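Raw contents of input.cif, mmCIF, C-alpha atoms:
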```
data_upload
loop_
_atom_site.label_atom_id
_atom_site.label_comp_id
_atom_site.auth_asym_id
_atom_site.auth_seq_id
_atom_site.Cartn_x
_atom_site.Cartn_y
_atom_site.Cartn_z
CA MET A 1 -7.06 22.09 -42.10
CA THR A 2 -7.30 19.80 -39.12
CA VAL A 3 -4.62 17.51 -37.89
CA ALA A 4 -5.59 14.30 -36.22
CA THR A 5 -3.37 13.20 -33.41
CA ALA A 6 -3.31 9.75 -31.98
CA VAL A 7 -3.58 9.78 -28.22
CA LYS A 8 -2.08 6.73 -26.63
CA THR A 9 -4.22 5.70 -23.68
CA GLU A 10 -2.48 3.63 -21.10
CA SER A 11 -4.15 0.73 -19.41
CA PHE A 12 -5.45 1.31 -15.90
CA ILE A 13 -3.32 -1.52 -14.59
CA ARG A 14 0.35 -0.94 -15.31
CA TRP A 15 1.70 -4.46 -15.34
CA ARG A 16 5.31 -3.29 -15.23
CA TYR A 17 4.69 -2.20 -11.61
CA LEU A 18 3.73 -5.78 -10.75
CA TRP A 19 7.36 -6.86 -11.10
CA TRP A 20 8.45 -4.35 -8.48
CA ALA A 21 5.73 -5.58 -6.12
CA LEU A 22 6.68 -9.22 -6.66
CA SER A 23 10.35 -8.37 -6.12
CA ALA A 24 9.54 -6.72 -2.79
CA ILE A 25 7.50 -9.74 -1.70
CA ALA A 26 10.38 -12.02 -2.75
CA VAL A 27 12.77 -9.99 -0.58
CA MET A 28 10.33 -10.31 2.32
CA ILE A 29 10.14 -14.08 1.84
CA ALA A 30 13.94 -14.30 1.69
CA ALA A 31 14.21 -12.37 4.97
CA ILE A 32 11.68 -14.66 6.64
CA VAL A 33 13.38 -17.82 5.40
CA ALA A 34 16.85 -16.55 6.35
CA GLY A 35 15.67 -15.81 9.88
CA ASN A 36 17.87 -12.71 10.08
CA ILE A 37 16.11 -10.55 12.67
CA TRP A 38 17.93 -7.36 11.68
CA PHE A 39 16.99 -7.73 8.00
CA LEU A 40 13.40 -8.68 8.84
CA ASP A 41 13.13 -5.72 11.21
CA PHE A 42 14.55 -3.39 8.53
CA ILE A 43 11.97 -4.56 5.99
CA HIS A 44 9.18 -4.24 8.56
CA VAL A 45 10.13 -0.70 9.57
CA PHE A 46 10.77 0.43 5.98
CA SER A 47 7.48 -0.94 4.62
CA SER A 48 5.57 0.44 7.62
CA LEU A 49 7.11 3.87 7.07
CA LEU A 50 6.17 3.75 3.40
CA TRP A 51 2.62 2.67 4.20
CA THR A 52 2.11 5.30 6.87
CA GLY A 53 3.94 8.03 4.98
CA VAL A 54 1.99 7.59 1.76
CA ASP A 55 -1.28 7.44 3.70
CA LEU A 56 -0.48 10.63 5.60
CA PHE A 57 0.67 12.41 2.45
CA MET A 58 -2.49 11.44 0.58
CA GLY A 59 -4.76 12.38 3.48
CA PHE A 60 -3.21 15.58 4.76
CA VAL A 61 -1.49 17.03 1.68
CA LEU A 62 -3.14 15.69 -1.45
CA GLY A 63 -6.67 15.38 -0.06
CA PRO A 64 -7.19 19.08 0.75
CA ILE A 65 -5.67 20.06 -2.60
CA LEU A 66 -7.98 17.72 -4.52
CA ARG A 67 -11.03 19.06 -2.70
CA ARG A 68 -10.34 22.56 -4.03
CA VAL A 69 -9.68 21.79 -7.70
CA ASP A 70 -12.26 21.36 -10.43
CA LEU A 71 -13.65 17.90 -11.06
CA PRO A 72 -11.91 17.41 -14.45
CA VAL A 73 -8.55 18.28 -12.88
CA ARG A 74 -9.25 16.00 -9.92
CA ARG A 75 -10.20 13.17 -12.24
CA GLU A 76 -7.01 13.62 -14.27
CA ILE A 77 -4.83 13.60 -11.15
CA MET A 78 -6.53 10.45 -9.89
CA ARG A 79 -6.29 8.87 -13.35
CA ARG A 80 -2.53 9.24 -13.18
CA LEU A 81 -2.06 8.57 -9.47
CA THR A 82 -4.19 5.45 -9.00
CA PRO A 83 -2.25 3.15 -11.35
CA ARG A 84 0.95 4.09 -9.55
CA THR A 85 -0.47 3.21 -6.14
CA LEU A 86 -2.45 0.16 -7.25
CA PHE A 87 0.46 -2.19 -6.57
CA LEU A 88 2.35 -0.04 -4.05
CA MET A 89 -0.22 0.20 -1.27
CA PRO A 90 -1.30 -3.46 -1.16
CA THR A 91 2.32 -4.56 -1.31
CA VAL A 92 3.55 -2.39 1.57
CA SER A 93 0.52 -3.25 3.70
CA ILE A 94 0.99 -6.98 3.18
CA ILE A 95 4.74 -6.81 3.78
CA SER A 96 4.34 -4.65 6.89
CA GLY A 97 1.80 -6.94 8.51
CA THR A 98 3.53 -10.18 7.56
CA THR A 99 6.99 -9.12 8.72
CA GLY A 100 5.47 -7.72 11.91
CA TRP A 101 3.88 -11.05 12.69
CA PHE A 102 7.08 -13.00 12.04
CA LEU A 103 9.02 -10.56 14.23
CA ALA A 104 6.46 -11.02 17.00
CA VAL A 105 6.86 -14.79 16.75
CA GLN A 106 10.68 -14.59 16.75
CA PHE A 107 10.70 -12.26 19.78
CA GLY A 108 8.28 -14.55 21.62
CA TYR A 109 5.37 -12.10 21.76
CA SER A 110 2.97 -14.72 20.43
CA THR A 111 3.50 -16.90 23.50
CA LEU A 112 2.83 -14.28 26.16
CA GLU A 113 0.12 -14.74 28.76
CA TRP A 114 -3.27 -13.16 28.14
CA PRO A 115 -3.06 -9.61 29.51
CA ALA A 116 0.15 -8.93 27.57
CA TYR A 117 -0.93 -10.97 24.55
CA GLY A 118 -3.98 -8.71 24.21
CA TRP A 119 -1.73 -5.99 22.79
CA VAL A 120 -0.33 -8.41 20.20
CA ALA A 121 -3.83 -9.53 19.27
CA ALA A 122 -5.03 -5.91 19.03
CA ALA A 123 -2.12 -4.99 16.75
CA LEU A 124 -2.81 -8.03 14.55
CA ILE A 125 -6.51 -7.17 14.33
CA LEU A 126 -5.80 -3.53 13.46
CA VAL A 127 -3.29 -4.38 10.73
CA THR A 128 -5.64 -7.00 9.31
CA LEU A 129 -8.57 -4.56 9.26
CA MET A 130 -6.48 -1.80 7.65
CA THR A 131 -5.21 -4.18 4.98
CA ILE A 132 -8.72 -5.47 4.24
CA GLN A 133 -10.03 -1.91 4.10
CA GLY A 134 -7.29 -0.88 1.70
CA LEU A 135 -7.60 -3.90 -0.56
CA GLY A 136 -11.33 -4.47 -0.36
CA PHE A 137 -12.73 -0.95 -0.13
CA LEU A 138 -10.33 1.85 -1.01
CA THR A 139 -8.74 0.26 -4.08
CA PRO A 140 -12.10 -0.58 -5.75
CA VAL A 141 -13.44 2.88 -4.89
CA MET A 142 -10.42 4.52 -6.48
CA ALA A 143 -10.87 2.35 -9.56
CA ARG A 144 -14.54 3.36 -9.83
CA PHE A 145 -13.64 7.03 -9.29
CA ARG A 146 -11.05 6.78 -12.04
CA ALA A 147 -13.57 5.23 -14.38
CA GLY A 148 -16.06 7.99 -13.65
CA VAL A 149 -18.74 5.62 -12.35
#
```

Output the file's structure as structure tokens, nothing else.
Amino acid sequence: MTVATAVKTESFIRWRYLWWALSAIAVMIAAIVAGNIWFLDFIHVFSSLLWTGVDLFMGFVLGPILRRVDLPVRREIMRRLTPRTLFLMPTVSIISGTTGWFLAVQFGYSTLEWPAYGWVAAALILVTLMTIQGLGFLTPVMARFRAGV
């Protein structure tokens, strides 16, 4: 006798995580509109720590582990991990860069003369490139890897 079990497959995109991402962006907008430098700095540092910390954890801890496990196990881990990071990583990268720019403007770093402003421009270019890489390259690659393409 065989028993059929219904396996509930979850959607790749977990829309309930979208509300958390939108809430974080709303808090960022409130901090920018309020003009409270301490609050804006707190959000910038916290989101930057999250962004860097998750990246380092994925690269130095999870990456070597995934390289050594069998492909079906790796696929299952990525199938469960990717939906959780699909909204997290773009949100923290956008919040980190945006709050950093508004802090630079409030502290007057955007009006510096050229030799000093070069550091501000370099930071802006790096954050922009990392955000584009994460949103435009890494997220689609993870989605394709999850789909087994």

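Our summary of the geometry notes that CA of Thr85 in chain A is positioned 23.6 Å from CA of Leu40 in chain A.
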
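Checking A:Leu112, A:Arg84, A:Ile94, A:Leu135 one by one against Trp15 in chain A, counting all atoms listed in the file, you find the shortest gap at A:Arg84.
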
Give me the result of the PyMOL selection byres ((chain A and resi 92) around 7) on this file, residue by residue, as a PDB file with C-alpha atoms, keeping the file's coordinate frame.
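So the final result, stored in selection01.pdb, reads:
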```
ATOM      1  CA  SER A  47       7.480  -0.940   4.620  1.00  0.00           C
ATOM      2  CA  SER A  48       5.570   0.440   7.620  1.00  0.00           C
ATOM      3  CA  LEU A  50       6.170   3.750   3.400  1.00  0.00           C
ATOM      4  CA  TRP A  51       2.620   2.670   4.200  1.00  0.00           C
ATOM      5  CA  LEU A  88       2.350  -0.040  -4.050  1.00  0.00           C
ATOM      6  CA  MET A  89      -0.220   0.200  -1.270  1.00  0.00           C
ATOM      7  CA  PRO A  90      -1.300  -3.460  -1.160  1.00  0.00           C
ATOM      8  CA  THR A  91       2.320  -4.560  -1.310  1.00  0.00           C
ATOM      9  CA  SER A  93       0.520  -3.250   3.700  1.00  0.00           C
ATOM     10  CA  ILE A  94       0.990  -6.980   3.180  1.00  0.00           C
ATOM     11  CA  ILE A  95       4.740  -6.810   3.780  1.00  0.00           C
ATOM     12  CA  SER A  96       4.340  -4.650   6.890  1.00  0.00           C
TER      13      SER A  96
END
```

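Pairwise distance (CA of Leu129 in chain A, CA of Val33 in chain A) equals 25.9 Å.
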
Practice task
Evaluate the PyMOL selection byres ((chain A and resi 37) around 12) on the structure here and hand back the selected residues as a list in words.
Solution key: Met28, Ala30, Ala31, Ile32, Val33, Ala34, Gly35, Asn36, Trp38, Phe39, Leu40, Asp41, Phe42, Ile43, His44, Val45, Thr99, Gly100, Phe102, Leu103, Ala104, Val105, Gln106 and Phe107 of chain A

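Taking CA of Thr98 in chain A and CA of Val27 in chain A as endpoints, the distance between them is 12.3 Å.
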
Exercise for the section: Apply the PyMOL selection byres ((chain A and resi 120) around 12) to the displayed file and report the matching residues as a PyMOL selection string. Expected result: chain A and resi 97+100-105+107-119+121-127

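Distance check against Gly63 in chain A using all atoms listed in the file: of A:Ile77, A:Pro83, A:Gly134, A:Ala26, the minimum falls on A:Ile77.
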
Problem - Top pick for closest residue to Arg16 in chain A, considering A:Arg67, A:Asp55, A:Leu86, A:Phe46 and counting all atoms listed in the file - result: A:Leu86

Got a minute to add N, CA, C and O atoms to range 106-123 of chain A and dump it as a PDB file, keeping the file's coordinate frame?
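Done, and the output landed in out_38.pdb:
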```
ATOM      1  N   GLN A 106       9.262 -14.399  16.428  1.00  0.00           N
ATOM      2  CA  GLN A 106      10.680 -14.590  16.750  1.00  0.00           C
ATOM      3  C   GLN A 106      11.055 -13.986  18.103  1.00  0.00           C
ATOM      4  O   GLN A 106      11.909 -14.508  18.798  1.00  0.00           O
ATOM      5  N   PHE A 107      10.418 -12.885  18.481  1.00  0.00           N
ATOM      6  CA  PHE A 107      10.700 -12.260  19.780  1.00  0.00           C
ATOM      7  C   PHE A 107       9.913 -12.910  20.916  1.00  0.00           C
ATOM      8  O   PHE A 107      10.092 -12.545  22.077  1.00  0.00           O
ATOM      9  N   GLY A 108       9.028 -13.843  20.596  1.00  0.00           N
ATOM     10  CA  GLY A 108       8.280 -14.550  21.620  1.00  0.00           C
ATOM     11  C   GLY A 108       7.015 -13.843  22.085  1.00  0.00           C
ATOM     12  O   GLY A 108       6.420 -14.234  23.092  1.00  0.00           O
ATOM     13  N   TYR A 109       6.579 -12.826  21.352  1.00  0.00           N
ATOM     14  CA  TYR A 109       5.370 -12.100  21.760  1.00  0.00           C
ATOM     15  C   TYR A 109       4.104 -12.918  21.530  1.00  0.00           C
ATOM     16  O   TYR A 109       3.072 -12.635  22.132  1.00  0.00           O
ATOM     17  N   SER A 110       4.167 -13.917  20.695  1.00  0.00           N
ATOM     18  CA  SER A 110       2.970 -14.720  20.430  1.00  0.00           C
ATOM     19  C   SER A 110       2.726 -15.762  21.519  1.00  0.00           C
ATOM     20  O   SER A 110       1.670 -16.397  21.530  1.00  0.00           O
ATOM     21  N   THR A 111       3.669 -15.911  22.422  1.00  0.00           N
ATOM     22  CA  THR A 111       3.500 -16.900  23.500  1.00  0.00           C
ATOM     23  C   THR A 111       3.309 -16.256  24.868  1.00  0.00           C
ATOM     24  O   THR A 111       3.389 -16.941  25.879  1.00  0.00           O
ATOM     25  N   LEU A 112       3.040 -14.975  24.888  1.00  0.00           N
ATOM     26  CA  LEU A 112       2.830 -14.280  26.160  1.00  0.00           C
ATOM     27  C   LEU A 112       1.488 -14.705  26.776  1.00  0.00           C
ATOM     28  O   LEU A 112       0.594 -15.193  26.099  1.00  0.00           O
ATOM     29  N   GLU A 113       1.383 -14.476  28.073  1.00  0.00           N
ATOM     30  CA  GLU A 113       0.120 -14.740  28.760  1.00  0.00           C
ATOM     31  C   GLU A 113      -0.913 -13.702  28.344  1.00  0.00           C
ATOM     32  O   GLU A 113      -0.584 -12.659  27.789  1.00  0.00           O
ATOM     33  N   TRP A 114      -2.176 -13.946  28.682  1.00  0.00           N
ATOM     34  CA  TRP A 114      -3.270 -13.160  28.140  1.00  0.00           C
ATOM     35  C   TRP A 114      -3.192 -11.640  28.340  1.00  0.00           C
ATOM     36  O   TRP A 114      -3.337 -10.926  27.361  1.00  0.00           O
ATOM     37  N   PRO A 115      -2.988 -11.085  29.478  1.00  0.00           N
ATOM     38  CA  PRO A 115      -3.060  -9.610  29.510  1.00  0.00           C
ATOM     39  C   PRO A 115      -2.062  -8.963  28.550  1.00  0.00           C
ATOM     40  O   PRO A 115      -2.393  -8.005  27.868  1.00  0.00           O
ATOM     41  N   ALA A 116      -0.858  -9.506  28.474  1.00  0.00           N
ATOM     42  CA  ALA A 116       0.150  -8.930  27.570  1.00  0.00           C
ATOM     43  C   ALA A 116      -0.133  -9.316  26.124  1.00  0.00           C
ATOM     44  O   ALA A 116       0.113  -8.532  25.200  1.00  0.00           O
ATOM     45  N   TYR A 117      -0.653 -10.532  25.907  1.00  0.00           N
ATOM     46  CA  TYR A 117      -0.930 -10.970  24.550  1.00  0.00           C
ATOM     47  C   TYR A 117      -2.074 -10.176  23.921  1.00  0.00           C
ATOM     48  O   TYR A 117      -2.192 -10.097  22.709  1.00  0.00           O
ATOM     49  N   GLY A 118      -2.893  -9.546  24.731  1.00  0.00           N
ATOM     50  CA  GLY A 118      -3.980  -8.710  24.210  1.00  0.00           C
ATOM     51  C   GLY A 118      -3.483  -7.604  23.312  1.00  0.00           C
ATOM     52  O   GLY A 118      -4.120  -7.254  22.318  1.00  0.00           O
ATOM     53  N   TRP A 119      -2.311  -7.043  23.639  1.00  0.00           N
ATOM     54  CA  TRP A 119      -1.730  -5.990  22.790  1.00  0.00           C
ATOM     55  C   TRP A 119      -1.287  -6.556  21.451  1.00  0.00           C
ATOM     56  O   TRP A 119      -1.432  -5.910  20.412  1.00  0.00           O
ATOM     57  N   VAL A 120      -0.733  -7.761  21.457  1.00  0.00           N
ATOM     58  CA  VAL A 120      -0.330  -8.410  20.200  1.00  0.00           C
ATOM     59  C   VAL A 120      -1.559  -8.708  19.355  1.00  0.00           C
ATOM     60  O   VAL A 120      -1.579  -8.452  18.148  1.00  0.00           O
ATOM     61  N   ALA A 121      -2.594  -9.224  19.996  1.00  0.00           N
ATOM     62  CA  ALA A 121      -3.830  -9.530  19.270  1.00  0.00           C
ATOM     63  C   ALA A 121      -4.473  -8.261  18.725  1.00  0.00           C
ATOM     64  O   ALA A 121      -4.961  -8.244  17.583  1.00  0.00           O
ATOM     65  N   ALA A 122      -4.452  -7.181  19.501  1.00  0.00           N
ATOM     66  CA  ALA A 122      -5.030  -5.910  19.030  1.00  0.00           C
ATOM     67  C   ALA A 122      -4.252  -5.372  17.831  1.00  0.00           C
ATOM     68  O   ALA A 122      -4.851  -4.897  16.858  1.00  0.00           O
ATOM     69  N   ALA A 123      -2.928  -5.460  17.879  1.00  0.00           N
ATOM     70  CA  ALA A 123      -2.120  -4.990  16.750  1.00  0.00           C
ATOM     71  C   ALA A 123      -2.403  -5.831  15.504  1.00  0.00           C
ATOM     72  O   ALA A 123      -2.539  -5.306  14.389  1.00  0.00           O
TER      73      ALA A 123
END
```
